[in-house]
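Pasting data-v5.txt here (compact mmCIF, C-alpha atoms):
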# COMPACT_ATOMS: atom_id res chain seq x y z
CA MET A 293 138.19 94.82 76.42
CA LYS A 294 134.90 95.47 78.11
CA LYS A 295 132.39 97.19 75.91
CA GLU A 296 131.78 100.00 78.34
CA ASP A 297 135.46 100.76 78.67
CA GLU A 298 135.48 101.57 75.00
CA ILE A 299 133.22 104.51 75.67
CA ASP A 300 135.31 105.60 78.65
CA LYS A 301 138.44 105.53 76.51
CA LEU A 302 136.76 107.47 73.76
CA PHE A 303 135.83 110.28 76.10
CA GLU A 304 139.23 110.26 77.75
CA ARG A 305 140.77 110.80 74.35
CA MET A 306 138.37 113.61 73.60
CA GLU A 307 138.82 115.44 76.84
CA ASN A 308 138.98 119.20 76.28
CA GLN A 309 137.82 118.79 72.69
CA LEU A 310 134.14 118.53 73.48
CA ASP A 311 133.35 122.17 74.15
CA VAL A 312 132.77 122.84 70.48
CA PHE A 313 129.66 125.00 70.57
CA GLU A 314 129.77 128.78 70.71
CA PRO A 315 127.04 131.09 71.98
CA SER A 316 125.70 133.84 69.73
CA THR A 317 128.25 136.32 68.41
CA ASP A 318 127.04 139.24 70.53
CA HIS A 319 126.62 137.25 73.74
CA LYS A 320 129.24 139.32 75.55
CA VAL A 321 127.40 142.56 74.84
CA HIS A 322 124.17 141.04 76.12
CA PHE A 323 125.88 139.82 79.23
CA LEU A 324 127.49 143.17 79.93
CA GLU A 325 124.03 144.80 79.72
CA LYS A 326 122.57 142.28 82.15
CA LEU A 327 125.55 142.68 84.46
CA GLN A 328 125.29 146.46 84.52
CA LYS A 329 121.59 146.26 85.27
CA GLN A 330 122.22 143.81 88.08
CA ASN A 331 125.09 145.76 89.62
CA LYS A 332 122.90 148.87 89.76
CA VAL A 333 120.16 146.96 91.53
CA VAL A 334 122.59 145.41 93.94
CA SER A 335 124.17 148.72 94.88
CA LEU A 336 120.75 150.20 95.66
CA LYS A 337 119.44 147.23 97.58
CA PRO A 338 121.49 147.42 100.81
CA LYS A 339 120.21 150.93 101.57
CA LYS A 340 116.61 149.79 101.30
CA ARG A 341 117.23 146.61 103.21
CA ASN A 342 118.79 148.51 106.12
CA TRP A 343 115.42 150.09 106.77
CA ILE A 344 113.07 147.27 106.02
CA LYS A 345 114.82 144.48 107.88
CA PRO A 346 115.00 145.99 111.39
CA LEU A 347 111.53 147.42 110.89
CA ALA A 348 110.13 144.00 110.02
CA ILE A 349 111.90 142.44 112.98
CA ALA A 350 110.64 145.14 115.33
CA ALA A 351 107.11 144.75 114.01
CA SER A 352 107.12 140.99 114.42
CA ILE A 353 108.48 141.31 117.96
CA ALA A 354 105.77 143.84 118.78
CA ILE A 355 103.09 141.50 117.45
CA LEU A 356 104.60 138.59 119.38
CA ILE A 357 104.68 140.54 122.65
CA GLY A 358 101.18 141.76 121.98
CA THR A 359 99.75 138.29 121.49
CA ILE A 360 101.60 136.94 124.51
CA SER A 361 100.38 139.69 126.81
CA ILE A 362 96.83 139.56 125.47
CA ALA A 363 96.57 135.77 125.57
CA PRO A 364 96.17 135.39 129.38
CA ILE A 365 93.62 138.24 129.47
CA LEU A 366 91.58 136.47 126.84
CA ASN A 367 91.97 133.20 128.68
CA THR A 368 90.57 134.53 131.97
CA ASN A 369 87.34 135.36 130.21
CA LYS A 370 87.02 131.74 129.15
CA GLU A 371 86.83 128.59 131.17
CA ALA A 372 89.74 126.20 131.21
CA ASP A 373 89.16 122.54 130.60
CA LEU A 374 90.96 119.61 132.12
CA ALA A 375 92.79 119.27 128.83
CA SER A 376 94.45 122.65 129.32
CA VAL A 377 96.32 121.48 132.43
CA SER A 378 98.70 118.98 130.86
CA PRO A 379 98.86 116.52 127.97
CA GLN A 380 98.23 113.66 130.42
CA MET A 381 95.08 115.37 131.64
CA GLU A 382 94.04 115.88 128.03
CA ASN A 383 94.33 112.13 127.56
CA THR A 384 92.25 111.52 130.66
CA GLN A 385 89.56 113.89 129.48
CA ASN A 386 89.49 112.35 126.02
CA PHE A 387 89.26 108.88 127.51
CA PHE A 388 86.26 109.78 129.67
CA THR A 389 84.40 111.77 127.03
CA VAL A 390 84.72 108.88 124.59
CA ALA A 391 83.66 106.34 127.24
CA ILE A 392 80.64 108.42 128.27
CA LYS A 393 79.65 108.93 124.65
CA THR A 394 79.71 105.22 123.84
CA GLN A 395 77.79 104.39 127.02
CA LEU A 396 75.11 106.91 126.11
CA GLU A 397 74.80 105.40 122.67
CA GLU A 398 74.52 101.94 124.19
CA ILE A 399 71.77 103.14 126.53
CA ASN A 400 69.84 104.72 123.68
CA LYS A 401 70.04 101.50 121.71
CA ASN A 402 68.83 99.27 124.52
CA SER A 403 66.21 101.52 126.07
CA SER A 404 62.62 100.41 125.74
CA ALA A 405 59.20 101.46 127.13
CA GLU A 406 59.95 99.74 130.42
CA THR A 407 63.24 101.57 130.94
CA THR A 408 62.27 105.15 130.02
CA GLU A 409 61.74 106.11 133.66
CA LEU A 410 65.17 104.81 134.55
CA VAL A 411 66.82 106.58 131.64
CA THR A 412 65.19 109.97 132.31
CA ASP A 413 66.26 109.74 135.94
CA ALA A 414 69.79 108.86 134.89
CA MET A 415 69.86 111.84 132.53
CA LYS A 416 68.81 114.14 135.36
CA GLN A 417 71.68 112.81 137.46
CA LEU A 418 74.03 113.25 134.56
CA ASP A 419 72.88 116.85 134.07
CA LYS A 420 73.62 117.56 137.72
CA LEU A 421 77.09 116.15 137.37
CA GLU A 422 77.66 118.13 134.20
CA SER A 423 76.60 121.41 135.78
CA SER A 424 78.94 120.79 138.71
CA TYR A 425 81.68 120.11 136.16
CA GLU A 426 80.99 123.52 134.61
CA ASP A 427 81.49 125.07 138.04
CA LEU A 428 84.73 123.16 138.42
CA LYS A 429 85.95 124.58 135.12
CA LYS A 430 85.59 128.11 136.49
CA ASP A 431 87.22 127.03 139.75
CA LEU A 432 90.14 125.66 137.81
CA VAL A 433 90.90 129.09 136.34
CA GLU A 434 90.34 130.93 139.61
CA SER A 435 92.56 128.60 141.61
CA SER A 436 95.10 128.50 138.75
CA ASN A 437 95.15 124.74 138.27
CA ASP A 438 94.77 123.68 141.90
CA LYS A 439 95.33 119.95 142.37
CA ARG A 440 92.13 119.54 144.39
CA VAL A 441 90.06 121.01 141.58
CA ILE A 442 91.76 118.74 139.06
CA SER A 443 91.09 115.63 141.13
CA ALA A 444 87.49 116.78 141.63
CA MET A 445 87.13 117.06 137.87
CA ILE A 446 88.49 113.56 137.34
CA LYS A 447 86.16 112.23 140.03
CA ASN A 448 83.30 113.97 138.29
CA PHE A 449 84.14 112.16 135.10
CA GLN A 450 84.43 108.87 136.96
CA LYS A 451 81.04 109.39 138.59
CA ARG A 452 79.42 110.05 135.25
CA ALA A 453 80.97 106.93 133.78
CA THR A 454 79.95 104.68 136.70
CA LEU A 455 76.46 106.15 136.75
CA LEU A 456 75.97 105.31 133.10
CA GLU A 457 77.47 101.88 133.60
CA GLU A 458 75.00 101.13 136.40
CA VAL A 459 72.12 102.38 134.30
CA LEU A 460 73.21 100.22 131.40
CA ASP A 461 73.44 97.22 133.72
CA LYS A 462 69.94 97.81 134.99
CA ILE A 463 68.53 98.24 131.50
CA ASN A 464 70.05 94.96 130.45
CA ASN A 465 68.59 93.30 133.54
CA ILE A 466 65.13 94.63 132.80
CA ASN A 467 65.35 93.49 129.22
CA LYS A 468 66.37 90.02 130.38
CA LEU A 469 63.49 89.85 132.84
CA LYS A 470 61.15 90.88 130.10
CA LEU A 471 62.29 87.97 128.04
CA THR A 472 61.97 85.39 130.82
CA GLU A 473 58.52 86.74 131.73
CA ASN A 474 57.19 85.69 128.38
CA GLU A 475 58.66 82.23 128.64
CA THR A 476 56.24 79.50 129.49
CA ASN A 477 58.67 77.45 131.45
CA ILE A 478 57.61 75.10 134.12
CA LEU A 479 59.86 74.81 137.14
CA MET B 37 144.26 146.21 81.51
CA THR B 38 146.17 143.78 83.62
CA LEU B 39 143.06 141.82 84.57
CA THR B 40 143.87 139.10 82.06
CA LYS B 41 147.11 138.39 83.90
CA LEU B 42 145.47 137.84 87.26
CA ASN B 43 144.65 134.31 88.35
CA THR B 44 141.10 133.23 88.93
CA GLU B 45 141.25 133.47 92.70
CA GLN B 46 142.46 137.06 92.56
CA LEU B 47 139.71 137.87 90.10
CA ILE B 48 137.07 136.32 92.35
CA GLU B 49 138.27 138.49 95.22
CA ARG B 50 137.73 141.50 92.98
CA CYS B 51 134.30 140.17 91.97
CA ARG B 52 133.37 140.07 95.64
CA ARG B 53 133.81 143.84 95.61
CA GLN B 54 131.62 144.01 92.50
CA ASP B 55 134.44 144.98 90.19
CA GLN B 56 132.71 144.90 86.81
CA GLY B 57 135.95 144.46 84.91
CA ALA B 58 136.82 141.41 86.98
CA GLN B 59 133.33 140.03 86.49
CA MET B 60 133.65 140.33 82.72
CA GLU B 61 137.06 138.69 82.79
CA ILE B 62 135.64 135.76 84.75
CA TYR B 63 132.84 135.55 82.20
CA ASN B 64 135.34 135.45 79.36
CA ARG B 65 137.28 132.67 81.00
CA TYR B 66 134.33 130.45 81.82
CA TYR B 67 131.56 131.18 79.33
CA LYS B 68 132.53 128.59 76.77
CA ALA B 69 132.71 125.66 79.17
CA MET B 70 129.50 126.72 80.90
CA TYR B 71 127.69 127.30 77.62
CA ASN B 72 128.62 123.84 76.37
CA THR B 73 127.59 122.24 79.64
CA ALA B 74 124.20 123.93 79.42
CA TYR B 75 123.84 123.15 75.73
CA ARG B 76 124.48 119.44 76.21
CA ILE B 77 121.59 119.28 78.67
CA ILE B 78 119.14 121.74 77.12
CA LYS B 79 120.00 121.11 73.44
CA ASN B 80 118.81 124.55 72.42
CA SER B 81 121.34 127.30 71.70
CA ALA B 82 119.27 130.31 72.76
CA GLU B 83 118.03 128.75 75.98
CA ALA B 84 121.50 127.45 76.81
CA GLU B 85 122.96 130.93 76.38
CA ASP B 86 120.29 132.40 78.60
CA VAL B 87 120.80 129.80 81.33
CA MET B 88 124.56 130.26 81.15
CA GLN B 89 124.36 134.06 81.53
CA GLU B 90 121.78 133.87 84.31
CA ALA B 91 124.05 131.42 86.14
CA PHE B 92 126.88 133.93 86.02
CA LEU B 93 124.63 136.67 87.38
CA THR B 94 123.39 134.40 90.17
CA ALA B 95 126.94 133.41 91.00
CA PHE B 96 128.04 137.04 91.23
CA THR B 97 125.19 138.01 93.56
CA LYS B 98 125.64 134.97 95.76
CA LEU B 99 129.41 135.12 95.84
CA SER B 100 129.32 135.74 99.59
CA MET B 101 127.99 132.17 100.00
CA LEU B 102 131.14 130.79 98.40
CA GLU B 103 133.82 130.50 101.06
CA ASP B 104 136.65 129.09 98.99
CA SER B 105 137.39 131.15 95.88
CA SER B 106 139.43 128.34 94.35
CA VAL B 107 136.34 126.21 93.78
CA PHE B 108 134.47 128.93 91.91
CA GLY B 109 134.55 126.99 88.64
CA SER B 110 132.90 123.84 89.98
CA TRP B 111 130.46 125.91 92.02
CA LEU B 112 129.44 127.86 88.91
CA LYS B 113 129.11 124.65 86.95
CA ARG B 114 126.71 123.23 89.50
CA ILE B 115 124.56 126.32 89.18
CA VAL B 116 124.57 125.92 85.38
CA ILE B 117 123.71 122.21 85.61
CA ASN B 118 120.93 122.69 88.12
CA SER B 119 119.22 125.45 86.18
CA SER B 120 119.67 123.56 82.91
CA LEU B 121 118.01 120.52 84.44
CA THR B 122 115.15 122.67 85.68
CA ILE B 123 114.60 124.01 82.16
CA SER B 124 114.81 120.59 80.57
CA ARG B 125 112.43 119.04 83.10
CA LYS B 126 109.93 121.85 82.63
CA ARG B 127 110.05 121.22 78.90
CA ASN B 128 109.49 117.51 79.48
CA ILE B 129 106.36 118.25 81.50
CA TYR B 130 104.93 120.25 78.63
CA GLY B 131 106.10 117.63 76.13
CA GLU B 132 108.01 120.14 74.04
CA VAL B 133 110.62 118.91 71.61
CA PRO B 134 113.69 121.07 71.13
CA LEU B 135 113.79 122.29 67.55
CA GLU B 136 117.38 121.29 67.04
CA THR B 137 116.75 117.62 67.69
CA VAL B 138 114.04 117.37 65.04
CA GLU B 139 115.40 115.56 62.04
CA TYR B 140 114.85 117.32 58.77
CA ALA B 141 116.01 114.51 56.55
CA LEU B 142 115.29 110.84 56.63
CA THR B 143 118.32 108.89 57.67
CA ASP B 144 118.45 105.22 56.96
CA GLU B 145 120.01 103.68 60.01
CA THR B 146 120.61 100.21 58.62
CA GLU B 147 122.59 101.30 55.61
CA GLY B 148 125.33 103.07 57.47
CA ILE B 149 128.92 101.98 57.54
CA VAL B 150 129.56 99.70 60.47
CA ARG B 151 132.73 100.70 62.28
CA GLU B 152 135.26 98.29 63.64
CA ASP B 153 135.92 100.36 66.72
CA LEU B 154 135.51 103.89 68.01
CA THR B 155 139.07 105.14 67.63
CA SER B 156 138.52 107.01 64.37
CA LEU B 157 135.58 109.04 65.66
CA LYS B 158 135.63 112.83 65.73
CA ALA B 159 134.42 114.91 68.65
CA ASN B 160 131.58 116.46 66.66
CA ALA B 161 130.21 113.08 65.62
CA VAL B 162 130.27 111.87 69.21
CA LEU B 163 128.45 114.94 70.44
CA ASN B 164 125.79 114.69 67.77
CA THR B 165 125.18 111.06 68.58
CA LEU B 166 125.04 111.87 72.27
CA LYS B 167 122.38 114.46 71.50
CA GLU B 168 120.26 111.86 69.73
CA LEU B 169 120.05 109.63 72.78
CA LYS B 170 117.03 109.92 74.95
CA GLU B 171 117.02 112.79 77.44
CA SER B 172 117.94 110.88 80.60
CA TYR B 173 120.76 109.00 78.85
CA SER B 174 122.38 112.03 77.28
CA THR B 175 122.17 114.03 80.52
CA ALA B 176 123.63 111.23 82.63
CA LEU B 177 126.42 110.58 80.14
CA SER B 178 127.43 114.19 79.73
CA LEU B 179 127.54 114.58 83.51
CA HIS B 180 129.56 111.41 83.94
CA LEU B 181 131.86 111.32 80.93
CA ILE B 182 132.27 114.98 80.05
CA GLU B 183 131.80 116.91 83.29
CA GLY B 184 133.53 114.11 85.19
CA TYR B 185 131.11 113.65 88.09
CA ASP B 186 131.17 110.31 89.89
CA TYR B 187 128.11 108.16 90.56
CA GLU B 188 127.46 109.64 93.96
CA GLU B 189 127.55 113.20 92.67
CA ILE B 190 125.22 112.28 89.81
CA CYS B 191 122.80 110.65 92.27
CA GLU B 192 122.66 113.94 94.11
CA ILE B 193 122.33 116.12 91.01
CA LEU B 194 119.61 113.99 89.39
CA ASN B 195 118.01 113.07 92.72
CA ILE B 196 118.02 109.32 92.06
CA SER B 197 119.27 106.32 94.03
CA TYR B 198 122.79 104.93 93.65
CA SER B 199 121.69 101.72 91.96
CA ASN B 200 119.39 103.60 89.58
CA CYS B 201 122.29 105.82 88.69
CA ARG B 202 124.58 102.89 87.91
CA THR B 203 122.02 101.18 85.70
CA LEU B 204 121.15 104.43 83.95
CA ILE B 205 124.78 105.14 83.08
CA SER B 206 125.59 101.62 82.01
CA ARG B 207 122.51 101.44 79.77
CA ALA B 208 123.25 104.87 78.37
CA LYS B 209 126.83 103.85 77.56
CA GLU B 210 125.65 100.73 75.80
CA SER B 211 123.10 102.68 73.81
CA LEU B 212 125.69 105.28 72.82
CA ARG B 213 128.18 102.60 71.80
CA LYS B 214 125.66 100.93 69.50
CA LYS B 215 124.75 104.22 67.88
CA LEU B 216 128.37 105.22 67.39
CA LEU B 217 129.24 101.99 65.62
CA VAL B 218 126.61 102.59 62.97
CA THR B 219 127.13 105.89 61.24
Whole structure, structure tokens version:
Amino acid sequence: MKKEDEIDKLFERMENQLDVFEPSTDHKVHFLEKLQKQNKVVSLKPKKRNWIKPLAIAASIAILIGTISIAPILNTNKEADLASVSPQMENTQNFFTVAIKTQLEEINKNSSAETTELVTDAMKQLDKLESSYEDLKKDLVESSNDKRVISAMIKNFQKRATLLEEVLDKINNINKLKLTENETNIL
Amino acid sequence: MTLTKLNTEQLIERCRRQDQGAQMEIYNRYYKAMYNTAYRIIKNSAEAEDVMQEAFLTAFTKLSMLEDSSVFGSWLKRIVINSSLTISRKRNIYGEVPLETVEYALTDETEGIVREDLTSLKANAVLNTLKELKESYSTALSLHLIEGYDYEEICEILNISYSNCRTLISRAKESLRKKLLVT
């Protein structure tokens, strides 16, 4: 016989004999007290609930309607970004902002005395593009997401990115020239 | 009163209408089983009584959630088991030791009489030995062997995996067997 079966058999034999413990002698009295208390509470509760529940629902609906109707009014005061058009546009915007940021960092790293003129000019161009982007943001709200405005915004981003890329290219060129200038190579 | 002659399902229908007499009759029919179930997990008489009575009160208020009146007993038992486990786990967090499991006299385990088999054992002796096992063993065994839950149900109650459950029960059985043989 398997060892474990011994235990199974033992408990099979003892079925219905194992509830040997008794609660305290006055447990029924205690329970009746608790039960009476509970039944009183329960009988009162529905009346209260009848008022509170619909009231709470009505209040939450009112708040919901309020926020929904106020939301567009609040929005018109603000400018809408490309990201507010669609999730895809949000991706596009994120892509460009990250690209522009890294390019700017790159430019800062590589700029030297010889390139300051170039960089300041590039920043002026960039500022122009940025201010026209701000105008486009307002246009986007006024035209309620017109496709032409959206494509203009994307083009604006592209222009900024290519501008910075060109600047970076030129900076690298200048730095290279600087190096070869100091070489004493004989052709 | 004729309440005692009614069957459980009829009584439950009356309980749904908050008939206090029916509620007390249900209590009288089930309290002992529920108390013992709670006691085997909590191992403290006062706390077990409290859990048992609270379970009845919960069951009566949530009776509308029970669709089939015929399964009231097992439904009530699950409430008792779940709240007992909550109490026992809480106690484990705080590292409390139930008073009733503290041994007041030194018992020499090696000098006991070694039994041939388990056939001569009495229910009380088995229960006391079960109580001495470590918490997880005694809980798993009382659920499996006394309350009659299968592995899958125990997995769900104790929130453990199936394989963990099997090992737990088989180790617990082995540990109980060894303890029972030496008395």
I'd like a table as CSV: residues in chain A with an atom no more than 7 Å from chain B, each row giving the shortest atom pair and its distance in Å to one decimal, all atoms listed in the file counted, sorted by chain and rising residue number.
residue,atom,partner,partner_atom,distance
A:Glu296,CA,B:Lys209,CA,6.3
A:Ile299,CA,B:Arg213,CA,6.6
A:Leu302,CA,B:Leu154,CA,6.9
A:Phe303,CA,B:Leu181,CA,6.3
A:Met306,CA,B:Ala159,CA,6.5
A:Gln309,CA,B:Ala159,CA,6.6
A:Leu310,CA,B:Ala159,CA,6.0
A:Asp311,CA,B:Asn72,CA,5.5
A:Phe313,CA,B:Asn72,CA,6.0
A:Glu314,CA,B:Lys68,CA,6.7
A:Pro315,CA,B:Glu85,CA,6.0
A:Phe323,CA,B:Gln89,CA,6.4
A:Leu327,CA,B:Leu93,CA,6.7
(message) Give me the residues near stretch 414-418 of chain A as an MDAnalysis selection string, where near means some atom within 9 Å (using all atoms listed in the file) and where sequence neighbours in that chain fewer than 6 positions away do not count.
(response) chainID A and resid 451:452 455:456 459
Would you mind exporting the chosen residues as a compact mmCIF listing (two decimals), in the coordinates of the input, restricted to C-alpha atoms?
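Contents of out.txt, freshly written:
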# COMPACT_ATOMS: atom_id res chain seq x y z
CA LYS A 451 81.04 109.39 138.59
CA ARG A 452 79.42 110.05 135.25
CA LEU A 455 76.46 106.15 136.75
CA LEU A 456 75.97 105.31 133.10
CA VAL A 459 72.12 102.38 134.30
(message) What's the separation between atom CA of B:Lys126 and atom CA of B:Ser174, in Å to one decimal place?
(response)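 A separation of 16.7 Å between them.
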(request) Report the distance between atom CA of B:Tyr173 and atom CA of B:Thr122 in Å, rounded to one decimal place. (result)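 About the pair atom CA of B:Tyr173 and atom CA of B:Thr122: they are 16.3 Å apart.
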(message) Just checking: using all atoms listed in the file, which residue out of A:Val312, A:Asn465, A:Ala405, A:Lys439 ends up closest to A:Met381?
(response)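 Under the stated criterion, the closest residue is A:Lys439.
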(message) What does the structure give for the distance between atom CA of A:Ser404 and atom CA of A:Asn467, in Å to one decimal?
(response) 8.2 Å
(request) Could you give me, as a list in words, the residues within 12 Å of A:Lys470, counting all atoms listed in the file and dropping anything in the same chain fewer than 4 positions from it? (result)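 Close residues of A:Lys470: Ser404, Ala405, Glu406, Thr407, Ile463, Asn464, Asn465, Ile466, Asn474 and Glu475 of chain A.
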(request) Would you be able to write out as an MDAnalysis selection string which residues have an atom within 12 Å of (121.6, 117.1, 91.6) in the file's coordinates, counting all atoms listed in the file? (result) chainID B and resid 113:122 175:176 179 185:197 201
(message) My list of candidates is B:Glu171, B:Ala74, B:Glu103, B:Ile129. Which is closest to B:Ala91 when distances are computed with all atoms listed in the file?
(response) B:Ala74
Please complete stretch 438-460 of chain A so it has N, CA and C atoms, and hand it over as a CSV table (one decimal), keeping the file's coordinate frame.
chain,number,residue,atom,x,y,z
A,438,ASP,N,94.6,124.3,140.6
A,438,ASP,CA,94.8,123.7,141.9
A,438,ASP,C,94.6,122.2,141.8
A,439,LYS,N,95.4,121.4,142.5
A,439,LYS,CA,95.3,120.0,142.4
A,439,LYS,C,94.0,119.4,142.8
A,440,ARG,N,93.4,120.0,143.9
A,440,ARG,CA,92.1,119.5,144.4
A,440,ARG,C,91.0,119.7,143.4
A,441,VAL,N,91.1,120.8,142.6
A,441,VAL,CA,90.1,121.0,141.6
A,441,VAL,C,90.2,120.0,140.5
A,442,ILE,N,91.5,119.7,140.1
A,442,ILE,CA,91.8,118.7,139.1
A,442,ILE,C,91.2,117.4,139.5
A,443,SER,N,91.5,117.0,140.7
A,443,SER,CA,91.1,115.6,141.1
A,443,SER,C,89.6,115.6,141.2
A,444,ALA,N,88.9,116.7,141.6
A,444,ALA,CA,87.5,116.8,141.6
A,444,ALA,C,86.9,116.6,140.2
A,445,MET,N,87.6,117.2,139.3
A,445,MET,CA,87.1,117.1,137.9
A,445,MET,C,87.2,115.6,137.4
A,446,ILE,N,88.3,115.0,137.7
A,446,ILE,CA,88.5,113.6,137.3
A,446,ILE,C,87.4,112.7,138.0
A,447,LYS,N,87.2,113.0,139.3
A,447,LYS,CA,86.2,112.2,140.0
A,447,LYS,C,84.8,112.4,139.4
A,448,ASN,N,84.6,113.7,139.0
A,448,ASN,CA,83.3,114.0,138.3
A,448,ASN,C,83.1,113.1,137.0
A,449,PHE,N,84.2,113.0,136.3
A,449,PHE,CA,84.1,112.2,135.1
A,449,PHE,C,83.9,110.7,135.5
A,450,GLN,N,84.6,110.3,136.5
A,450,GLN,CA,84.4,108.9,137.0
A,450,GLN,C,83.0,108.6,137.4
A,451,LYS,N,82.4,109.6,138.1
A,451,LYS,CA,81.0,109.4,138.6
A,451,LYS,C,80.1,109.2,137.4
A,452,ARG,N,80.3,110.1,136.4
A,452,ARG,CA,79.4,110.0,135.2
A,452,ARG,C,79.5,108.7,134.6
A,453,ALA,N,80.8,108.2,134.5
A,453,ALA,CA,81.0,106.9,133.8
A,453,ALA,C,80.3,105.8,134.6
A,454,THR,N,80.5,105.8,135.9
A,454,THR,CA,80.0,104.7,136.7
A,454,THR,C,78.4,104.8,136.7
A,455,LEU,N,77.9,106.0,136.8
A,455,LEU,CA,76.5,106.2,136.8
A,455,LEU,C,75.9,105.5,135.5
A,456,LEU,N,76.5,105.8,134.4
A,456,LEU,CA,76.0,105.3,133.1
A,456,LEU,C,76.1,103.8,133.0
A,457,GLU,N,77.2,103.3,133.6
A,457,GLU,CA,77.5,101.9,133.6
A,457,GLU,C,76.4,101.2,134.4
A,458,GLU,N,76.1,101.7,135.6
A,458,GLU,CA,75.0,101.1,136.4
A,458,GLU,C,73.7,101.1,135.7
A,459,VAL,N,73.4,102.3,135.0
A,459,VAL,CA,72.1,102.4,134.3
A,459,VAL,C,72.1,101.3,133.2
A,460,LEU,N,73.2,101.2,132.5
A,460,LEU,CA,73.2,100.2,131.4
A,460,LEU,C,73.0,98.8,131.9
